[in-house]
Amino acid sequence: MCIEPNALPVEYGAMSFTQTRHLNGVRAPLVSRGQAVIAAERVDWRVTSPLSILTTITPAGITQTVEGGRPQRLSPQGGGDAFLSSAGLFNLLVGDFTSLNTHYTIARGAPGAGGAWTLVLTPRAAAMSRFVSAIEVGGCTRVESVEVRQANGDRMEIALTPAEG
Amino acid sequence: MRGWGAVLCVLWCLAACAIIGVRVQSARAFDSDIQNLLPQNALEPTIRAAIADAGSVASQRVAVLVWGEDPARTDEAAADLERSLVEVGLTPDRTDGEALGRWLFANRNALMCAANPADFDPDAVARQSQAMLYAPLAPISGEMLVRDPFLLTLQLSQCLAPPSAGYVNDGVLISGALSESAFRIDVQDQVVPAYEAWKARWPDVEAARAGAVFFAEEGARQARREIALIGGVSGIVILALLFVCFRRPEAIVGTLAVTAAGGVGSLAAAFLVFPSVHVLVFVFGTALIGVTSDYALHYLATGPQTGWAPAAERVKRVSRPLAVCALATALGFASLGIFGVAIFNQVAVFAVAGILTAWWFTMTVLPFMDLRARKPEAMAAWWAKLEAPFLAFKWKSAWSWVGALVLLSIIGAGVARFSVLDDVRQFQPRSTQLAAEEQRVREAVGFSASPSFLLSYGADANEARAREEAILSRWPEEAVRDTLALSRFDPSASRRVQNEAEVRARLYQPYLVARVQELGLMQVEPFAAVESLPLPALIADLEGEVNGVHYLVAPLGAVAAQQQAGGEGARIVDPASRYSQAFASFRALAAWAVAAAFAVCMLIVLALYRTWRALVVLVAPAVGVAMAVAVPAAFGMPISFFSVAALFVVIGTGIDHSVFLFESAETDGEAKELVVFLAALTTILSMGLMGFSGTYPVASFGVAVAAGVTAAYLISFVPVRGRRGRADE
């Protein structure tokens, strides 16, 4: 029995992800796996395969640590960062569509089997539309998949599953 | 003759009004750059030009951080703000950011994050590019990977590009550069209202500002308030005094006419000589009201004193002392020009022209305005009644001892509490609200700015770049990253060759094949030719040329400012320290200039009076000069370059009272006590009010002049009283 997306409880905690990027002119999709840990004002996006990358998103900024090296602050470059900000990726991961409504126009997509739902998010801000044309979010009792379609034709899929153990 | 003089004077005043009318139409008529307070001829041409460039680049920057509860509304508000600022001349960094991105892409193989090619770490570059491929939503594309398989462009933008516009945490940063100087009044009058109107449209959105334009507008607003306060209060009190003493509207109209003539004469002369006039000139200039009104007072006083004798006779009575006063005062103000400080040059021209115009008007036009009173006897009696207490005053020798004791006490206290202030950073108070907003913006973008910069120079652009590179290659990575250096974006020819050789040999040769296979790249062209691009404006503004010397200016953050830059053709410049040192040396030199001014006054007095006794008129200004230094010091007010500059005005105005009292004693014996008192009071009042200015240079100038002129006025009675006492005996 699926839960309506706007009735999803906001869930903090850990989840596993598989991110697949399809780039034009690049034959092999870029696949990375890892765990995302979501707290009230912090997202730790930890890629564990094929290499170790920890991206931490907090209200103070975004830092990245590669292979256990020194954390580096990422400077704000370009409108794509809106998705990385706590109001974007964070709300998407915890299923807070009410907050996402401020960033995106949300439309209902074709329903899936067993009552699974799909939402299509279109960026409201022109600055973000230059990078992201649409985001498709699917799930049933929680967010299970995210597909980001970029304006240049590239796309990225993220599959989310409950963290093991 | 006086008739023609009057006609010419009126014509000059009309011409002056026309000049002012035409010039104020220009947007560049006024400026409010605090840097114009600084002595320009104290610095080497290259450093001066570099400081001007660095100041210009920094001052035209504007950044506003916008945030709010509702992110969508924040986005809309930020877009609205950017549109509003673009309309008033802002070029958003977004535009520059794209140009910078294209530049980095076009030059990616000749640039490095490492300042020293020997520190190039190909493993780290390959690893970082790998991380970018798999990091959440890194802004990469397939097309980019074909040309730039190791994502050098993105890596360079992370390590080289300064923080620019975009989303910052929960807010949006709008940043860019103004097309014109932030210190132009018309620019401020467009940018700040545009921002305030935007704030009014978005009451639920928070914002923090950073940029010199906001501070300059605040400073200009303060200067306007001070002009209104000082000019207004001076004017009202002077008018009240005139009404009490003269009891006739002609006196008030005459005095206003003289001060107005002085005002238009001074402003027109300043507009004729300078391309734009600093607003602080008007703050200094309002003090002229008290000086020029004295000339009217001296002439008008001859009315009740002579029972309104014919104009020619009245003019004759004041012509010589007024000439001495005008000449000495003009000389005092003109001496300000020797310091090479742009604003003092303006004050000198402004004041000299104002004084001479007021003197000319008094001697030629005022006699036609001050017609015989209807009841001259009654007026003369009233004047005599007002003057009686002054005449009844008998100087006692004991008071000389008391006076000497007071003077010595003040000097002692002044010596005990003497301190100096040459630090330009403390000259103008910064708005605490604007400073807090600026701090918030800096924290958000993670950049710590300092006013210092690295100056590198050479015979040509290539040599200047090579010298900058040599310095940066010795600095730690943290400091290099805290520096916005042109050579990092556009290296010298030899460094370009060296960088590209390193990238080819140590990155592409060992790693490219594996990268192509790993990604399944169908095509790869890392060295494909790209179109030649001009340097992005943000970077291009960091170089210049003066007198055949090519120089680069690299703004430093707080960390980089701590580094040493010993080396040929490169040094770290802290403009504030440089100017502070210059102010300190000028303050010392000014002591000699004061002595020189006294010597010139001595010659003028001897030439006009042809008697050694006349030198007694220099005693009062000499004591005035001593008190102008001692009184502020005794009250804990540090002595600055501006206090010392005020001494020239003390000499000029302090001599006036002695001259009139000396004339009185030496020639007709007619009492001048009341008019001298009125003249002194108006000067002290207008100068003393400047002490309330929030700008330290203006306040210290005003307090020094007020203290000096007060002392000079009081002391001017001592020798004359003594002489008159002896004459009476």
# chains A, B, ... in the order shown; residues from 1 in each chain; ligands from 1
$ residues_around --residues "Gly109 (chain A)" --least-positions-apart "4" --cutoff "7 Å" --atoms "only C-alpha atoms" --output "list in words"
Thr118, Leu119 and Val120 of chain A
$ residues_around --residues "Gly69 (chain A)" --least-positions-apart "6" --cutoff "12 Å" --atoms "only C-alpha atoms" --output "PDB file with N, CA and C atoms, in the first residue's frame"
ATOM      1  N   SER A  52      36.365   6.751  -2.865  1.00  0.00           N
ATOM      2  CA  SER A  52      35.740   7.315  -1.672  1.00  0.00           C
ATOM      3  C   SER A  52      35.661   8.842  -1.771  1.00  0.00           C
ATOM      4  N   ILE A  53      34.433   9.340  -1.762  1.00  0.00           N
ATOM      5  CA  ILE A  53      34.220  10.801  -1.787  1.00  0.00           C
ATOM      6  C   ILE A  53      33.158  11.116  -0.747  1.00  0.00           C
ATOM      7  N   LEU A  54      33.438  12.012   0.137  1.00  0.00           N
ATOM      8  CA  LEU A  54      32.426  12.449   1.107  1.00  0.00           C
ATOM      9  C   LEU A  54      32.072  13.897   0.807  1.00  0.00           C
ATOM     10  N   THR A  63      31.375  21.007   1.606  1.00  0.00           N
ATOM     11  CA  THR A  63      32.785  20.591   1.595  1.00  0.00           C
ATOM     12  C   THR A  63      32.876  19.197   0.982  1.00  0.00           C
TER      13      THR A  63
ATOM     14  N   ALA B 124      47.098  13.700  -8.124  1.00  0.00           N
ATOM     15  CA  ALA B 124      46.018  14.438  -7.446  1.00  0.00           C
ATOM     16  C   ALA B 124      45.030  14.982  -8.461  1.00  0.00           C
ATOM     17  N   ARG B 127      42.976  12.099  -9.710  1.00  0.00           N
ATOM     18  CA  ARG B 127      42.080  11.645  -8.646  1.00  0.00           C
ATOM     19  C   ARG B 127      40.902  12.637  -8.482  1.00  0.00           C
ATOM     20  N   GLN B 128      41.234  13.928  -8.533  1.00  0.00           N
ATOM     21  CA  GLN B 128      40.200  14.940  -8.369  1.00  0.00           C
ATOM     22  C   GLN B 128      39.195  14.871  -9.523  1.00  0.00           C
ATOM     23  N   ALA B 131      36.927  12.115  -8.875  1.00  0.00           N
ATOM     24  CA  ALA B 131      35.941  12.492  -7.844  1.00  0.00           C
ATOM     25  C   ALA B 131      34.843  13.337  -8.456  1.00  0.00           C
TER      26      ALA B 131
END
$ select_by_dssp --residues "region 5-159 of chain A" --states "alpha helix (DSSP H)" --output "list in words"
Asp81, Ala82, Phe83, Leu84, Asn91, Leu92, Leu93, Val94, Phe97, Thr98, Ser99, Leu100, Ala126, Ala127, Met128 and Ser129 of chain A
$ atom_distance --atom1 "CA of Gln188 (chain B)" --atom2 "CA of Pro45 (chain B)"
29.0 Å
$ residues_around --residues "Ser716 (chain B)" --least-positions-apart "3" --cutoff "6 Å" --atoms "only C-alpha atoms" --output "list of chain:residue names"
B:Ala620, B:Ser658, B:Ala712, B:Tyr713
$ atom_distance --atom1 "CA of Val205 (chain B)" --atom2 "CA of Trp67 (chain B)"
6.0 Å
$ residues_around --residues "Thr102 (chain A)" --least-positions-apart "2" --cutoff "12 Å" --atoms "only C-alpha atoms" --output "short mmCIF file (atom, residue, chain, number, x, y, z; two decimals) with C-alpha atoms, in the first residue's frame"
data_model
loop_
_atom_site.label_atom_id
_atom_site.label_comp_id
_atom_site.auth_asym_id
_atom_site.auth_seq_id
_atom_site.Cartn_x
_atom_site.Cartn_y
_atom_site.Cartn_z
CA ALA A 82 20.64 25.19 -5.89
CA ALA A 87 16.54 23.25 0.35
CA GLY A 88 17.03 21.12 -2.78
CA ASN A 91 14.25 18.03 0.88
CA ASP A 96 9.65 16.90 1.94
CA PHE A 97 7.70 17.85 -1.16
CA THR A 98 6.00 20.79 0.51
CA SER A 99 9.35 22.54 0.73
CA LEU A 100 10.32 21.40 -2.76
CA TYR A 104 9.87 23.45 -8.47
CA THR A 105 6.59 23.15 -10.24
CA ILE A 106 5.45 19.64 -9.29
CA LEU A 121 9.62 18.53 -10.86
CA THR A 122 10.36 21.47 -13.15
CA PRO A 123 12.62 24.23 -11.80
CA ARG A 124 10.88 27.53 -11.19
CA ALA A 125 14.02 29.70 -11.26
CA GLY B 68 14.53 34.37 3.30
CA GLU B 69 12.10 31.82 4.66
CA ASP B 70 10.69 31.06 1.24
CA PRO B 71 13.40 29.95 -1.23
CA ALA B 72 11.27 30.58 -4.31
CA ARG B 73 10.53 34.09 -3.17
CA THR B 74 14.23 34.54 -2.40
CA ASP B 75 15.02 33.54 -5.98
CA GLU B 76 12.48 35.99 -7.35
#
$ closest_residue --among "B:Val253, B:Leu371, B:Val524, B:Val237" --to "chain A" --atoms "only C-alpha atoms"
B:Val524
$ residues_around --residues "region 2-15 of chain B" --least-positions-apart "3" --cutoff "9 Å" --atoms "only C-alpha atoms" --output "list in words"
Ala18, Ile19, Ile20, Ala261, Gly262, Val264, Gly265, Ala268, Ala312, Thr357, Trp360, Phe361, Met363, Thr364, Val365, Leu366 and Phe368 of chain B
$ write_last_selection --atoms "N, CA and C atoms" --output "compact mmCIF listing (two decimals), in the first residue's frame"
# COMPACT_ATOMS: atom_id res chain seq x y z
N ALA B 18 26.87 81.53 -13.41
CA ALA B 18 26.69 80.80 -14.67
C ALA B 18 27.59 79.57 -14.71
N ILE B 19 28.85 79.73 -14.26
CA ILE B 19 29.78 78.59 -14.25
C ILE B 19 29.23 77.47 -13.37
N ILE B 20 28.74 77.86 -12.19
CA ILE B 20 28.18 76.86 -11.27
C ILE B 20 26.97 76.17 -11.90
N ALA B 261 28.48 86.24 -2.19
CA ALA B 261 29.46 86.52 -3.25
C ALA B 261 30.71 85.66 -3.04
N GLY B 262 31.14 85.59 -1.78
CA GLY B 262 32.29 84.73 -1.47
C GLY B 262 32.01 83.28 -1.83
N VAL B 264 29.78 82.00 -4.11
CA VAL B 264 29.75 81.69 -5.55
C VAL B 264 31.14 81.85 -6.17
N GLY B 265 31.90 82.84 -5.68
CA GLY B 265 33.26 83.03 -6.19
C GLY B 265 34.12 81.82 -5.92
N ALA B 268 32.81 78.68 -8.01
CA ALA B 268 33.09 78.82 -9.45
C ALA B 268 34.58 78.61 -9.72
N ALA B 312 33.20 106.89 0.38
CA ALA B 312 34.64 106.90 0.11
C ALA B 312 35.44 106.97 1.41
N THR B 357 36.97 87.31 -3.44
CA THR B 357 35.70 87.80 -3.97
C THR B 357 34.94 88.57 -2.90
N TRP B 360 36.63 91.89 -2.39
CA TRP B 360 36.35 92.75 -3.54
C TRP B 360 34.92 93.31 -3.44
N PHE B 361 33.97 92.43 -3.11
CA PHE B 361 32.58 92.83 -3.00
C PHE B 361 32.41 93.86 -1.88
N MET B 363 34.61 95.96 -0.70
CA MET B 363 35.23 97.25 -1.01
C MET B 363 34.54 98.00 -2.13
N THR B 364 33.79 97.27 -2.97
CA THR B 364 33.22 97.96 -4.14
C THR B 364 31.70 97.98 -4.17
N VAL B 365 31.06 96.86 -3.88
CA VAL B 365 29.60 96.79 -4.03
C VAL B 365 28.88 97.14 -2.73
N LEU B 366 29.42 96.67 -1.61
CA LEU B 366 28.74 96.89 -0.33
C LEU B 366 28.49 98.38 -0.03
N PHE B 368 27.55 100.62 -1.92
CA PHE B 368 26.33 101.05 -2.60
C PHE B 368 25.08 100.48 -1.93
$ residues_around --residues "Trp45 (chain A)" --least-positions-apart "2" --cutoff "10 Å" --atoms "only C-alpha atoms" --output "PyMOL selection string"
(chain A and resi 14-17+34-38+42-43+47-48+53-57+64) or (chain B and resi 135-136)
$ write_last_selection --atoms "N, CA and C atoms" --output "mmCIF file, in the first residue's frame"
data_model
loop_
_atom_site.group_PDB
_atom_site.id
_atom_site.type_symbol
_atom_site.label_atom_id
_atom_site.label_comp_id
_atom_site.auth_asym_id
_atom_site.auth_seq_id
_atom_site.Cartn_x
_atom_site.Cartn_y
_atom_site.Cartn_z
ATOM 1 N N ALA A 14 19.912 6.986 7.519
ATOM 2 C CA ALA A 14 20.847 6.576 6.462
ATOM 3 C C ALA A 14 20.107 5.808 5.379
ATOM 4 N N MET A 15 20.586 5.938 4.159
ATOM 5 C CA MET A 15 20.064 5.133 3.055
ATOM 6 C C MET A 15 21.195 4.853 2.072
ATOM 7 N N SER A 16 21.057 3.773 1.348
ATOM 8 C CA SER A 16 22.064 3.440 0.340
ATOM 9 C C SER A 16 21.624 4.017 -0.999
ATOM 10 N N PHE A 17 22.581 4.340 -1.825
ATOM 11 C CA PHE A 17 22.219 4.868 -3.141
ATOM 12 C C PHE A 17 23.110 4.266 -4.220
ATOM 13 N N GLY A 34 27.052 4.174 -2.655
ATOM 14 C CA GLY A 34 27.466 4.632 -1.334
ATOM 15 C C GLY A 34 26.284 4.800 -0.405
ATOM 16 N N GLN A 35 26.476 5.609 0.613
ATOM 17 C CA GLN A 35 25.442 5.835 1.611
ATOM 18 C C GLN A 35 25.233 7.319 1.825
ATOM 19 N N ALA A 36 23.982 7.686 2.029
ATOM 20 C CA ALA A 36 23.659 9.074 2.363
ATOM 21 C C ALA A 36 23.102 9.093 3.777
ATOM 22 N N VAL A 37 23.650 9.950 4.604
ATOM 23 C CA VAL A 37 23.156 10.089 5.978
ATOM 24 C C VAL A 37 22.546 11.477 6.108
ATOM 25 N N ILE A 38 21.271 11.485 6.488
ATOM 26 C CA ILE A 38 20.543 12.762 6.520
ATOM 27 C C ILE A 38 20.164 13.103 7.953
ATOM 28 N N ARG A 42 21.924 18.620 7.858
ATOM 29 C CA ARG A 42 23.181 18.121 7.306
ATOM 30 C C ARG A 42 22.927 16.885 6.447
ATOM 31 N N VAL A 43 23.583 16.874 5.313
ATOM 32 C CA VAL A 43 23.552 15.685 4.470
ATOM 33 C C VAL A 43 24.992 15.249 4.253
ATOM 34 N N VAL A 47 30.259 8.562 -1.221
ATOM 35 C CA VAL A 47 30.465 7.602 -2.311
ATOM 36 C C VAL A 47 31.537 6.618 -1.837
ATOM 37 N N THR A 48 31.238 5.337 -1.925
ATOM 38 C CA THR A 48 32.231 4.358 -1.480
ATOM 39 C C THR A 48 32.814 3.569 -2.650
ATOM 40 N N ILE A 53 34.433 9.340 -1.762
ATOM 41 C CA ILE A 53 34.220 10.801 -1.787
ATOM 42 C C ILE A 53 33.158 11.116 -0.747
ATOM 43 N N LEU A 54 33.438 12.012 0.137
ATOM 44 C CA LEU A 54 32.426 12.449 1.107
ATOM 45 C C LEU A 54 32.072 13.897 0.807
ATOM 46 N N THR A 55 30.814 14.126 0.456
ATOM 47 C CA THR A 55 30.331 15.490 0.229
ATOM 48 C C THR A 55 29.398 15.828 1.388
ATOM 49 N N THR A 56 29.706 16.904 2.084
ATOM 50 C CA THR A 56 28.895 17.297 3.236
ATOM 51 C C THR A 56 28.208 18.624 2.940
ATOM 52 N N ILE A 57 26.905 18.605 3.086
ATOM 53 C CA ILE A 57 26.121 19.818 2.804
ATOM 54 C C ILE A 57 25.516 20.301 4.116
ATOM 55 N N GLN A 64 34.046 18.888 0.443
ATOM 56 C CA GLN A 64 34.233 17.591 -0.187
ATOM 57 C C GLN A 64 35.586 17.009 0.230
ATOM 58 N N ALA B 135 30.988 12.648 -7.981
ATOM 59 C CA ALA B 135 30.405 13.484 -6.923
ATOM 60 C C ALA B 135 28.958 13.804 -7.292
ATOM 61 N N PRO B 136 28.113 14.031 -6.295
ATOM 62 C CA PRO B 136 26.705 14.285 -6.614
ATOM 63 C C PRO B 136 26.554 15.545 -7.459
#
$ select_by_dssp --residues "region 168-264 of chain B" --states "strand (DSSP E or B)" --output "compact mmCIF listing (two decimals) with N, CA and C atoms, in the first residue's frame"
# COMPACT_ATOMS: atom_id res chain seq x y z
N VAL B 168 24.43 30.49 -2.39
CA VAL B 168 25.36 30.35 -1.28
C VAL B 168 24.52 29.89 -0.09
N GLY B 171 21.01 31.11 0.64
CA GLY B 171 20.79 32.43 0.04
C GLY B 171 21.28 32.49 -1.39
N VAL B 172 21.09 33.65 -1.96
CA VAL B 172 21.55 33.89 -3.33
C VAL B 172 22.47 35.11 -3.29
N LEU B 173 23.63 34.97 -3.89
CA LEU B 173 24.58 36.09 -3.91
C LEU B 173 24.48 36.79 -5.26
N ILE B 174 24.17 38.08 -5.20
CA ILE B 174 24.19 38.91 -6.41
C ILE B 174 25.46 39.74 -6.31
N SER B 175 26.34 39.60 -7.26
CA SER B 175 27.58 40.38 -7.20
C SER B 175 27.96 40.84 -8.59
N GLY B 176 28.79 41.88 -8.60
CA GLY B 176 29.22 42.42 -9.88
C GLY B 176 30.03 43.68 -9.69
N ALA B 177 30.27 44.36 -10.78
CA ALA B 177 31.07 45.59 -10.73
C ALA B 177 30.29 46.73 -11.35
N LEU B 178 30.40 47.90 -10.72
CA LEU B 178 29.74 49.08 -11.25
C LEU B 178 30.56 49.60 -12.43
N ARG B 184 31.33 58.52 -7.08
CA ARG B 184 30.60 59.59 -7.74
C ARG B 184 29.22 59.72 -7.11
N VAL B 205 12.12 39.56 2.69
CA VAL B 205 13.40 38.96 2.29
C VAL B 205 14.52 39.72 2.99
N GLU B 206 15.49 38.97 3.52
CA GLU B 206 16.63 39.59 4.21
C GLU B 206 17.76 39.82 3.20
N ALA B 207 18.59 40.79 3.50
CA ALA B 207 19.72 41.05 2.60
C ALA B 207 20.89 41.67 3.37
N ALA B 208 22.09 41.36 2.92
CA ALA B 208 23.30 41.96 3.48
C ALA B 208 24.12 42.51 2.32
N ARG B 209 24.61 43.75 2.49
CA ARG B 209 25.34 44.42 1.40
C ARG B 209 26.83 44.47 1.66
N ALA B 210 27.60 44.47 0.61
CA ALA B 210 29.03 44.75 0.71
C ALA B 210 29.40 45.57 -0.52
$ residues_around --residues "Ile3 (chain A)" --least-positions-apart "3" --cutoff "8 Å" --atoms "only C-alpha atoms" --output "ChimeraX atom specification"
/A:7-8,140-142
$ write_last_selection --atoms "C-alpha atoms" --output "tab-separated table (two decimals), in the first residue's frame"
chain	number	residue	atom	x	y	z
A	7	ALA	CA	1.67	12.52	3.01
A	8	LEU	CA	5.14	10.96	3.26
A	140	CYS	CA	5.75	4.22	-2.87
A	141	THR	CA	6.17	4.45	0.90
A	142	ARG	CA	9.31	6.55	0.52
$ closest_residue --among "A:Asn152, A:Ala39, A:Ile158, A:Val143" --to "Cys2 (chain A)" --atoms "only C-alpha atoms"
A:Val143
$ decode --residues "region 97-113 of chain A" --atoms "N, CA and C atoms" --output "compact mmCIF listing (two decimals), in the first residue's frame"
# COMPACT_ATOMS: atom_id res chain seq x y z
N PHE A 97 8.12 17.24 0.10
CA PHE A 97 7.70 17.85 -1.16
C PHE A 97 7.06 19.22 -0.96
N THR A 98 6.58 19.47 0.25
CA THR A 98 6.00 20.79 0.51
C THR A 98 7.07 21.85 0.33
N SER A 99 8.26 21.57 0.89
CA SER A 99 9.35 22.54 0.73
C SER A 99 9.84 22.60 -0.71
N LEU A 100 9.84 21.43 -1.37
CA LEU A 100 10.32 21.40 -2.76
C LEU A 100 9.41 22.22 -3.68
N ASN A 101 8.16 22.35 -3.28
CA ASN A 101 7.20 23.10 -4.08
C ASN A 101 7.66 24.54 -4.31
N THR A 102 8.48 25.05 -3.38
CA THR A 102 8.96 26.42 -3.54
C THR A 102 10.03 26.52 -4.63
N HIS A 103 10.74 25.42 -4.87
CA HIS A 103 11.79 25.42 -5.89
C HIS A 103 11.28 24.98 -7.25
N TYR A 104 10.29 24.12 -7.22
CA TYR A 104 9.87 23.45 -8.47
C TYR A 104 8.35 23.49 -8.66
N THR A 105 7.98 23.43 -9.92
CA THR A 105 6.59 23.15 -10.24
C THR A 105 6.46 21.63 -10.24
N ILE A 106 5.53 21.10 -9.44
CA ILE A 106 5.45 19.64 -9.29
C ILE A 106 4.19 19.12 -9.99
N ALA A 107 4.39 18.15 -10.86
CA ALA A 107 3.25 17.55 -11.57
C ALA A 107 3.28 16.05 -11.32
N ARG A 108 2.13 15.45 -11.37
CA ARG A 108 2.01 14.00 -11.16
C ARG A 108 2.36 13.28 -12.46
N GLY A 109 3.23 12.28 -12.43
CA GLY A 109 3.57 11.50 -13.61
C GLY A 109 2.68 10.26 -13.71
N ALA A 110 2.99 9.42 -14.69
CA ALA A 110 2.19 8.21 -14.89
C ALA A 110 2.33 7.28 -13.68
N PRO A 111 1.22 6.73 -13.15
CA PRO A 111 1.31 5.86 -11.97
C PRO A 111 1.98 4.53 -12.33
N GLY A 112 2.66 3.94 -11.38
CA GLY A 112 3.34 2.67 -11.59
C GLY A 112 2.53 1.52 -11.02
N ALA A 113 3.13 0.37 -11.03
CA ALA A 113 2.43 -0.81 -10.54
C ALA A 113 2.24 -0.76 -9.03
